[in-house]
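J.: Sharing final_38.txt below, compact mmCIF, C-alpha atoms:
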# COMPACT_ATOMS: atom_id res chain seq x y z
CA MET H 1349 -46.20 41.45 -27.71
CA SER H 1350 -42.42 41.79 -28.08
CA SER H 1351 -40.78 39.42 -30.55
CA VAL H 1352 -37.73 38.43 -32.60
CA LEU H 1353 -37.90 40.33 -35.90
CA PHE H 1354 -34.86 39.20 -37.89
CA ALA H 1355 -31.87 36.87 -37.55
CA SER H 1356 -28.74 36.25 -39.60
CA VAL H 1357 -25.53 34.21 -39.61
CA VAL H 1358 -22.33 36.01 -40.62
CA ARG H 1359 -18.70 34.99 -41.09
CA VAL H 1360 -16.61 37.02 -38.64
CA ARG H 1361 -13.39 37.62 -40.59
CA ASP H 1362 -15.00 39.49 -43.49
CA GLY H 1363 -18.64 40.00 -42.52
CA LEU H 1364 -19.93 37.74 -45.32
CA PRO H 1365 -23.62 36.93 -44.65
CA LEU H 1366 -24.11 33.16 -44.82
CA SER H 1367 -27.82 32.91 -44.05
CA ALA H 1368 -30.69 35.03 -42.77
CA SER H 1369 -34.39 34.93 -42.09
CA THR H 1370 -36.66 36.17 -44.83
CA ASP H 1371 -39.09 39.02 -44.19
CA GLN H 1372 -42.33 39.42 -46.08
CA GLN H 1373 -42.96 43.13 -45.40
CA PRO H 1374 -40.12 44.73 -43.40
CA THR H 1375 -40.99 48.00 -41.70
CA ALA H 1376 -38.95 51.18 -41.98
CA ALA H 1377 -37.66 50.66 -38.43
CA LEU H 1378 -36.52 47.11 -39.25
CA GLN H 1379 -34.80 48.35 -42.40
CA ALA H 1380 -32.89 50.88 -40.27
CA SER H 1381 -31.92 48.13 -37.83
CA LYS H 1382 -30.69 45.98 -40.72
CA ARG H 1383 -28.44 48.82 -41.88
CA SER H 1384 -26.96 48.99 -38.38
CA LEU H 1385 -26.57 45.21 -38.40
CA LYS H 1386 -24.75 45.36 -41.74
CA LEU H 1387 -22.37 47.99 -40.40
CA LEU H 1388 -21.86 45.91 -37.27
CA SER H 1389 -21.06 42.81 -39.36
CA ARG H 1390 -18.02 44.54 -40.87
CA ARG H 1391 -16.52 45.10 -37.41
CA LEU H 1392 -17.22 41.74 -35.75
CA SER H 1393 -13.56 40.72 -35.53
CA ALA H 1394 -12.85 43.73 -33.30
CA LEU H 1395 -15.83 43.20 -30.97
CA PRO H 1396 -16.36 40.96 -27.91
CA ASP H 1397 -18.08 37.63 -28.41
CA ARG H 1398 -21.37 38.72 -26.82
CA CYS H 1399 -22.80 42.20 -27.37
CA SER H 1400 -26.00 44.22 -27.54
CA LEU H 1401 -26.71 47.38 -29.47
CA GLY H 1402 -29.59 49.80 -29.46
CA ALA H 1403 -30.78 50.03 -33.07
CA ALA H 1404 -33.88 51.71 -34.49
CA PRO H 1405 -36.37 53.19 -32.03
CA SER H 1406 -37.72 50.41 -29.79
CA GLN H 1407 -35.47 47.79 -31.38
CA ARG H 1408 -32.25 46.13 -30.29
CA ILE H 1409 -29.52 43.97 -31.84
CA HIS H 1410 -27.98 41.06 -29.92
CA PHE H 1411 -25.19 38.86 -31.19
CA ILE H 1412 -22.77 36.12 -30.19
CA SER H 1413 -19.72 34.81 -32.05
CA ALA H 1414 -17.67 31.62 -31.85
CA LEU H 1415 -15.35 29.64 -34.14
CA GLY H 1416 -15.31 32.38 -36.75
CA VAL H 1417 -19.11 32.65 -37.10
CA ALA H 1418 -21.44 35.27 -35.61
CA TYR H 1419 -25.16 34.89 -34.95
CA LEU H 1420 -27.17 38.12 -34.87
CA LEU H 1421 -30.78 39.02 -34.26
CA VAL H 1422 -32.96 42.10 -34.26
CA CYS H 1423 -35.75 42.13 -31.70
CA GLU H 1424 -38.05 44.61 -30.07
CA ASP H 1425 -36.43 46.49 -27.21
CA ALA H 1426 -38.76 44.90 -24.62
CA TYR H 1427 -37.86 41.35 -25.67
CA PRO H 1428 -36.09 39.61 -22.73
CA ALA H 1429 -32.32 39.36 -23.16
CA VAL H 1430 -32.25 35.82 -21.75
CA LEU H 1431 -34.61 34.59 -24.49
CA ALA H 1432 -32.65 36.48 -27.17
CA PHE H 1433 -29.36 34.84 -26.21
CA SER H 1434 -31.02 31.44 -25.79
CA PHE H 1435 -32.32 31.86 -29.35
CA LEU H 1436 -28.80 32.67 -30.59
CA ASP H 1437 -27.35 29.68 -28.72
CA GLU H 1438 -29.80 27.38 -30.49
CA LEU H 1439 -28.82 28.83 -33.88
CA GLN H 1440 -25.15 28.34 -33.06
CA ARG H 1441 -25.55 24.69 -32.03
CA GLU H 1442 -27.61 23.78 -35.08
CA PHE H 1443 -25.41 25.68 -37.54
CA LEU H 1444 -22.15 24.14 -36.29
CA SER H 1445 -23.66 20.65 -36.34
CA THR H 1446 -25.03 21.13 -39.87
CA TYR H 1447 -22.11 22.72 -41.73
CA GLU H 1448 -18.46 21.73 -41.81
CA ARG H 1449 -15.81 24.30 -41.03
CA ALA H 1450 -14.27 23.99 -44.51
CA ARG H 1451 -17.57 24.88 -46.19
CA ILE H 1452 -17.91 27.98 -44.02
CA GLU H 1453 -14.34 29.13 -44.66
CA THR H 1454 -14.48 28.63 -48.43
CA ALA H 1455 -17.85 30.34 -48.94
CA VAL H 1456 -17.66 33.14 -51.53
CA ARG H 1457 -21.21 34.18 -52.38
CA PRO H 1458 -23.43 35.98 -49.88
CA TYR H 1459 -26.24 33.84 -48.45
CA CYS H 1460 -24.77 30.66 -49.91
CA LEU H 1461 -26.26 28.74 -46.95
CA ILE H 1462 -29.68 30.31 -47.22
CA GLU H 1463 -31.35 26.91 -46.68
CA PHE H 1464 -30.54 27.38 -42.99
CA ASP H 1465 -33.36 29.94 -43.04
CA THR H 1466 -35.81 27.04 -42.54
CA PHE H 1467 -34.40 26.36 -39.07
CA ILE H 1468 -34.20 30.10 -38.29
CA GLN H 1469 -37.87 30.57 -39.11
CA LYS H 1470 -39.00 27.57 -37.03
CA THR H 1471 -36.94 28.74 -34.08
CA LYS H 1472 -38.19 32.30 -34.45
CA GLN H 1473 -41.80 31.11 -34.33
CA ARG H 1474 -41.11 29.20 -31.12
CA TYR H 1475 -39.38 32.12 -29.43
CA ASN H 1476 -42.15 34.51 -30.42
CA SER H 1477 -44.50 32.51 -28.16
CA PRO H 1478 -42.50 32.74 -24.91
CA ARG H 1479 -45.38 31.81 -22.58
CA SER H 1480 -45.55 28.30 -24.01
CA LEU H 1481 -41.79 28.26 -24.63
CA SER H 1482 -40.90 28.89 -20.98
CA VAL H 1483 -42.19 25.48 -19.91
CA ARG H 1484 -39.87 23.73 -22.39
CA LEU H 1485 -36.68 25.62 -21.65
CA ASN H 1486 -34.47 25.58 -18.58
CA LEU H 1487 -32.92 29.05 -18.65
CA THR H 1488 -31.49 29.03 -15.13
CA GLU H 1489 -27.88 28.45 -16.18
CA LEU H 1490 -28.06 31.03 -18.98
CA GLN H 1491 -29.62 33.59 -16.64
CA THR H 1492 -26.79 33.03 -14.16
CA GLU H 1493 -24.17 33.32 -16.92
CA LEU H 1494 -25.67 36.58 -18.18
CA ARG H 1495 -25.57 38.01 -14.66
CA LEU H 1496 -21.94 36.96 -14.13
CA ARG H 1497 -20.77 37.90 -17.64
CA PRO H 1498 -23.30 40.31 -19.12
CA PRO H 1499 -23.10 41.26 -22.82
CA HIS H 1500 -21.29 44.46 -23.75
CA GLN H 1501 -23.56 47.38 -24.49
CA LEU H 1502 -22.43 49.02 -27.74
CA SER H 1503 -23.36 52.21 -29.51
CA GLU H 1504 -22.79 52.94 -33.20
CA ARG H 1505 -19.85 55.22 -32.41
CA ASP H 1506 -18.07 52.26 -30.81
CA PHE H 1507 -17.49 50.66 -34.21
CA ALA H 1508 -18.13 53.41 -36.72
CA ASN H 1509 -14.45 54.38 -36.65
CA GLY H 1510 -13.18 50.85 -37.20
CA GLY H 1511 -12.64 49.82 -33.58
CA VAL H 1512 -14.48 49.11 -30.40
CA SER H 1513 -14.58 51.39 -27.42
CA THR H 1514 -13.06 49.88 -24.29
CA SER H 1515 -15.58 51.78 -22.21
CA ALA H 1516 -18.56 49.89 -23.57
CA GLU H 1517 -20.83 49.09 -20.64
CA PRO H 1518 -22.52 45.75 -20.05
CA VAL H 1519 -26.23 45.30 -20.49
CA HIS H 1520 -28.00 45.03 -17.16
CA THR H 1521 -30.02 41.95 -17.93
CA SER H 1522 -31.81 42.17 -14.59
CA LEU H 1523 -34.06 44.74 -16.27
CA CYS H 1524 -35.09 42.13 -18.82
CA MET H 1525 -35.54 39.08 -16.67
CA SER H 1526 -36.29 37.93 -13.18
CA PRO H 1527 -34.65 34.53 -12.61
CA PRO H 1528 -36.36 31.86 -10.59
CA ARG H 1529 -35.12 30.95 -7.16
CA SER H 1530 -32.43 28.25 -7.13
CA HIS H 1531 -34.21 25.71 -5.00
CA LEU H 1532 -35.64 22.29 -5.65
CA GLY H 1533 -39.17 21.10 -5.42
CA PRO H 1534 -40.55 18.81 -2.71
CA VAL H 1535 -38.83 15.47 -2.34
CA SER H 1536 -40.75 12.70 -4.07
CA VAL H 1537 -41.09 9.22 -2.60
CA THR H 1538 -38.61 7.87 -5.12
CA GLY H 1539 -36.23 10.70 -4.36
CA ALA H 1540 -36.42 10.03 -0.62
CA ILE H 1541 -35.72 6.33 -1.19
CA SER H 1542 -32.78 7.18 -3.42
CA LEU H 1543 -31.43 9.58 -0.80
CA LEU H 1544 -31.70 6.93 1.91
CA LEU H 1545 -30.04 4.24 -0.22
CA ASN H 1546 -27.09 6.45 -1.14
CA PHE H 1547 -26.67 7.47 2.49
CA VAL H 1548 -26.62 3.81 3.54
CA CYS H 1549 -24.07 3.04 0.81
CA GLY H 1550 -21.87 5.83 2.11
CA LEU H 1551 -22.07 4.51 5.67
CA LEU H 1552 -21.29 0.95 4.56
CA ASN H 1553 -18.25 2.11 2.62
CA LEU H 1554 -17.10 4.19 5.59
CA VAL H 1555 -17.38 1.22 7.99
CA ARG H 1556 -15.59 -1.11 5.58
CA GLY H 1557 -12.84 1.45 5.06
CA PHE H 1558 -12.18 1.90 8.78
CA HIS H 1559 -12.36 -1.84 9.35
CA LEU H 1560 -9.74 -2.41 6.67
CA LEU H 1561 -7.64 0.42 8.08
CA GLU H 1562 -7.57 -1.25 11.49
CA ASN H 1563 -6.25 -4.46 10.00
CA THR H 1564 -2.57 -4.15 10.77
CA LEU H 1565 -1.71 -7.55 9.36
CA MET H 1566 -1.68 -6.40 5.73
CA GLU H 1567 1.66 -7.02 4.08
CA ASP H 1568 0.99 -5.90 0.50
CA GLY H 1569 -0.01 -2.56 -1.02
CA GLU H 1570 -3.27 -3.84 -2.47
CA GLY H 1571 -5.09 -3.62 0.83
CA SER H 1572 -3.98 -0.06 1.48
CA PHE H 1573 -5.20 0.95 -1.95
CA ASN H 1574 -8.59 -0.61 -1.22
CA ILE H 1575 -8.83 1.60 1.87
CA MET H 1576 -8.62 4.67 -0.34
CA VAL H 1577 -11.19 3.19 -2.74
CA PHE H 1578 -13.65 2.56 0.12
CA PHE H 1579 -13.26 6.15 1.36
CA LEU H 1580 -13.61 7.49 -2.20
CA ALA H 1581 -16.82 5.49 -2.70
CA CYS H 1582 -18.07 6.75 0.67
CA SER H 1583 -17.46 10.41 -0.14
CA THR H 1584 -19.00 10.00 -3.60
CA SER H 1585 -22.18 8.47 -2.17
CA PHE H 1586 -22.52 11.32 0.32
CA TYR H 1587 -21.89 13.80 -2.50
CA GLN H 1588 -24.72 12.22 -4.48
CA CYS H 1589 -26.93 12.76 -1.44
CA SER H 1590 -26.03 16.46 -1.46
CA LEU H 1591 -26.88 16.70 -5.17
CA LEU H 1592 -30.31 15.28 -4.40
CA VAL H 1593 -31.18 18.02 -1.91
CA ARG H 1594 -29.55 21.18 -3.28
CA GLN H 1595 -29.37 23.12 -6.52
CA CYS H 1596 -25.99 23.87 -8.10
CA HIS H 1597 -24.33 24.52 -11.44
CA TRP H 1598 -23.73 21.53 -13.76
CA ARG H 1599 -25.84 19.40 -11.44
CA LYS H 1600 -26.62 16.69 -13.99
CA ALA H 1601 -23.01 16.43 -15.16
CA LYS H 1602 -21.82 16.10 -11.55
CA ALA H 1603 -24.40 13.36 -10.92
CA LEU H 1604 -23.23 11.38 -13.94
CA ALA H 1605 -19.59 11.85 -12.95
CA SER H 1606 -20.39 10.59 -9.44
CA LEU H 1607 -22.09 7.54 -10.93
CA ALA H 1608 -18.98 6.82 -12.99
CA VAL H 1609 -16.78 7.07 -9.88
CA VAL H 1610 -19.03 4.69 -7.93
CA CYS H 1611 -18.99 2.16 -10.77
CA ALA H 1612 -15.20 2.37 -11.00
CA CYS H 1613 -14.82 1.92 -7.24
CA ASN H 1614 -17.07 -1.11 -7.20
CA ALA H 1615 -15.22 -2.61 -10.14
CA ARG H 1616 -12.04 -2.29 -8.08
CA LEU H 1617 -13.74 -3.79 -4.99
CA ALA H 1618 -15.38 -6.65 -6.89
CA ASP H 1619 -13.18 -9.23 -5.12
CA THR H 1620 -14.27 -8.00 -1.69
CA ARG H 1621 -18.04 -7.97 -2.34
CA THR H 1622 -20.72 -10.39 -3.41
CA ALA H 1623 -22.69 -9.90 -6.60
CA TRP H 1624 -25.70 -8.70 -4.57
CA GLN H 1625 -23.59 -6.12 -2.74
CA LEU H 1626 -22.20 -4.80 -6.02
CA LEU H 1627 -25.71 -4.63 -7.46
CA PHE H 1628 -26.96 -2.77 -4.38
CA HIS H 1629 -24.22 -0.09 -4.47
CA VAL H 1630 -24.29 0.44 -8.24
CA GLY H 1631 -28.10 0.33 -8.36
CA ALA H 1632 -28.41 2.94 -5.60
CA SER H 1633 -26.00 5.22 -7.46
CA ILE H 1634 -27.88 4.79 -10.75
CA MET H 1635 -31.15 5.58 -9.01
CA GLY H 1636 -29.61 8.67 -7.43
CA ALA H 1637 -28.21 9.95 -10.73
CA ALA H 1638 -31.57 9.38 -12.44
CA GLN H 1639 -33.35 11.33 -9.71
CA VAL H 1640 -30.90 14.22 -10.00
CA CYS H 1641 -31.38 14.38 -13.77
CA ALA H 1642 -35.17 14.24 -13.47
CA TRP H 1643 -35.58 16.60 -10.52
CA GLN H 1644 -36.39 20.10 -11.77
CA PRO H 1645 -36.20 23.42 -9.89
CA ALA H 1646 -39.50 24.45 -8.41
CA GLY H 1647 -41.11 27.70 -7.53
CA LYS H 1648 -42.51 30.58 -9.52
CA SER H 1649 -41.87 30.55 -13.25
CA ALA H 1650 -39.41 33.12 -14.51
CA ASP H 1651 -40.89 36.52 -15.32
CA TYR H 1652 -39.85 37.29 -18.89
CA ASN H 1653 -41.76 40.58 -19.03
CA VAL H 1654 -44.17 39.20 -21.62
If you convert what's in this file into C-alpha cells, what do you get?
T.:
Amino acid sequence: MSSVLFASVVRVRDGLPLSASTDQQPTAALQASKRSLKLLSRRLSALPDRCSLGAAPSQRIHFISALGVAYLLVCEDAYPAVLAFSFLDELQREFLSTYERARIETAVRPYCLIEFDTFIQKTKQRYNSPRSLSVRLNLTELQTELRLRPPHQLSERDFANGGVSTSAEPVHTSLCMSPPRSHLGPVSVTGAISLLLNFVCGLLNLVRGFHLLENTLMEDGEGSFNIMVFFLACSTSFYQCSLLVRQCHWRKAKALASLAVVCACNARLADTRTAWQLLFHVGASIMGAAQVCAWQPAGKSADYNV
C-alpha cells in the first residue's frame, strides 16, 4: 500500500530545517529522496508555492510554502496527490498555530523545533490509512483547487543551477484522484421543512416590500429604506433556499453570511414586526444555515487509488 514516508518543515529564506519526522530504518531509496529534498530546500525561495518532484525510483516529493515556511513530504509515487497536499495543509495549520513568527525567524540551530515531530508522526499514521481517513475528510474543495491550480512539476535540473525553469509543467492530478460528483444527497424531512420555511419567508418579505412600495403617502426616507431591507431579506431567503438544494464552493460560509444578513434585516425591521414574526424569520434562517452546514455531498466515495 502506498504511503507517506517522510515529512519536514523548512524555513524558506535559507533552507534551515526546523523539524522533521524520524525514521527508524530508512531505505536506500528514501535516503536518495532525502538528498533531493535537501537540495530542493536550498532553492525554495526561487520556486512556486506548490510543487511536485520525481525523486528516487517510485517516490515523489510534494511541498507547499507560505509565510516564509515550507512543508515537504516524500511519499511513494502511487500515493494520491490530493491526500499528500491535504497532509501538508494540516502540517501548515498546526505549525503556524503552534509557533510564533519571531521564533521561526530567529531560529539558528537545525531542527530546533523537533518536538513538532510528534504531530507529524500522528498525522502520518492517519494518512497512511486512507480508507478509514476518507470518511473523516472532505477533500472536494482541495480536489477542485488542484484541478484549477495544479502543482508545478519539477525536475532536478530545474533548480540544480540555482533557478527554476519557467517551463515546468503542472502535475496532472487527475491521474492520482477521481473526485466525487458535486451533488447533494436526498433531502431529509428537516431539510424539506427548512426549505419550505425559507421560501415562505422570502414570499412574505416580497409581499411586504411591494405593499410598502405602493404606499405613496410616505414623507420621510425611513420608509423607502425599509423597502430595500424587505427586498434584501427576500433575496437572501431565496438564496438560502438555493444553498439547500445545490452544491457550490464555500457553501457553509455563504450560509452563515446569509444568516447574518437575515438577522441584520430583521433587526432593522423590528419596529414593523411582532416578536413572533421576528422569531419566525430568524428561526427559519438559523434552521436553513444549520441544514446547509450539516448536509454532506452524496454519491460514490472518492477513488484514491488505494
J.: Applying 12 Å and all atoms listed in the file, which residues near Pro1405 of chain H remain after dropping the ones on its own chain fewer than 6 positions away? List them as a PyMOL selection string.
T.: chain H and resi 1375-1381+1422-1426
J.: Within 10 Å of Ser1367 of chain H, counting all atoms listed in the file, which residues qualify if same-chain residues fewer than 4 places away don't, as a list in words?
T.: Ala1355, Ser1356, Val1357, Val1358, Arg1359, Tyr1419, Pro1458, Tyr1459, Cys1460, Leu1461, Ile1462, Glu1463, Phe1464, Asp1465 and Ile1468 of chain H
J.: Write the residues of the selection above to a file with C-alpha atoms, as a short mmCIF file (atom, residue, chain, number, x, y, z; two decimals), in the frame of the given file.
T.:
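out_11.cif was written with the following content:
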data_model
loop_
_atom_site.label_atom_id
_atom_site.label_comp_id
_atom_site.auth_asym_id
_atom_site.auth_seq_id
_atom_site.Cartn_x
_atom_site.Cartn_y
_atom_site.Cartn_z
CA ALA H 1355 -31.87 36.87 -37.55
CA SER H 1356 -28.74 36.25 -39.60
CA VAL H 1357 -25.53 34.21 -39.61
CA VAL H 1358 -22.33 36.01 -40.62
CA ARG H 1359 -18.70 34.99 -41.09
CA TYR H 1419 -25.16 34.89 -34.95
CA PRO H 1458 -23.43 35.98 -49.88
CA TYR H 1459 -26.24 33.84 -48.45
CA CYS H 1460 -24.77 30.66 -49.91
CA LEU H 1461 -26.26 28.74 -46.95
CA ILE H 1462 -29.68 30.31 -47.22
CA GLU H 1463 -31.35 26.91 -46.68
CA PHE H 1464 -30.54 27.38 -42.99
CA ASP H 1465 -33.36 29.94 -43.04
CA ILE H 1468 -34.20 30.10 -38.29
#
J.: H:Leu1353, H:Val1430, H:Leu1580, H:Ala1608: which is nearest Gln1473 of chain H, counting all atoms listed in the file?
T.: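 Nearest to Gln1473 of chain H: H:Leu1353.
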J.: Considering only C-alpha atoms, return as a list of chain:residue names whatever protein or nucleic-acid residues lie within 10 Å of Ala1418 of chain H, sequence-local ones (same chain, fewer than 2 positions apart) excluded.
T.: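 Within the cut-off, the hits are H:Ser1356, H:Val1357, H:Val1358, H:Arg1359, H:Val1360, H:Arg1361, H:Gly1363, H:Pro1365, H:Leu1366, H:Ser1389, H:Leu1392, H:Ser1393, H:Asp1397, H:Arg1398, H:Phe1411, H:Ile1412, H:Ser1413, H:Ala1414, H:Leu1415, H:Gly1416, H:Leu1420, H:Leu1436, H:Leu1439, H:Gln1440.
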J.: Set the distance at 7 Å and use all atoms listed in the file: which residues neighbour segment 1621-1633 of chain H once local chain neighbours fewer than 5 positions away are removed? I'd like the list as a list of chain:residue names.
T.: H:Ser1542, H:Leu1545, H:Asn1546, H:Cys1549, H:Leu1607, H:Val1610, H:Cys1611, H:Asn1614
J.: Dump C-alpha atoms for the selected residues as a PDB file, in the coordinates of the input?
T.:
ATOM      1  CA  SER H1542     -32.780   7.180  -3.420  1.00  0.00           C
ATOM      2  CA  LEU H1545     -30.040   4.240  -0.220  1.00  0.00           C
ATOM      3  CA  ASN H1546     -27.090   6.450  -1.140  1.00  0.00           C
ATOM      4  CA  CYS H1549     -24.070   3.040   0.810  1.00  0.00           C
ATOM      5  CA  LEU H1607     -22.090   7.540 -10.930  1.00  0.00           C
ATOM      6  CA  VAL H1610     -19.030   4.690  -7.930  1.00  0.00           C
ATOM      7  CA  CYS H1611     -18.990   2.160 -10.770  1.00  0.00           C
ATOM      8  CA  ASN H1614     -17.070  -1.110  -7.200  1.00  0.00           C
TER       9      ASN H1614
END
J.: Please, what distance in Å, to one decimal, runs between atom CA of Leu1561 of chain H and atom CA of Val1609 of chain H?
T.: 21.2 Å
J.: Rank H:Pro1428, H:Gly1539, H:Pro1396, H:Gly1550 by their smallest atom-to-atom distance to Pro1499 of chain H, using all atoms listed in the file, and report the top residue only.
T.: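 Checking each candidate against Pro1499 of chain H, we get H:Pro1396 as the closest.
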J.: Would you pick out the contacts of Glu1442 of chain H at 9 Å or less, using all atoms listed in the file, so that residues sharing its chain but fewer than 5 positions from it are not included, and give the list as a PyMOL selection string?
T.: chain H and resi 1437+1447+1467
J.: Rounded to one decimal in Å, what is the spacing between atom CA of Phe1558 of chain H and atom CA of Tyr1587 of chain H?
T.: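 Separation between atom CA of Phe1558 of chain H and atom CA of Tyr1587 of chain H: 19.1 Å.
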J.: In Å to one decimal, how far is atom CA of Ser1583 of chain H from atom CA of Ala1612 of chain H?
T.: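 Computed distance, atom CA of Ala1612 of chain H to atom CA of Ser1583 of chain H, equals 13.7 Å.
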J.: Which is closest to Thr1471 of chain H among H:Val1417, H:Leu1490, H:Ala1638, H:Leu1431, if we use all atoms listed in the file?
T.: H:Leu1431
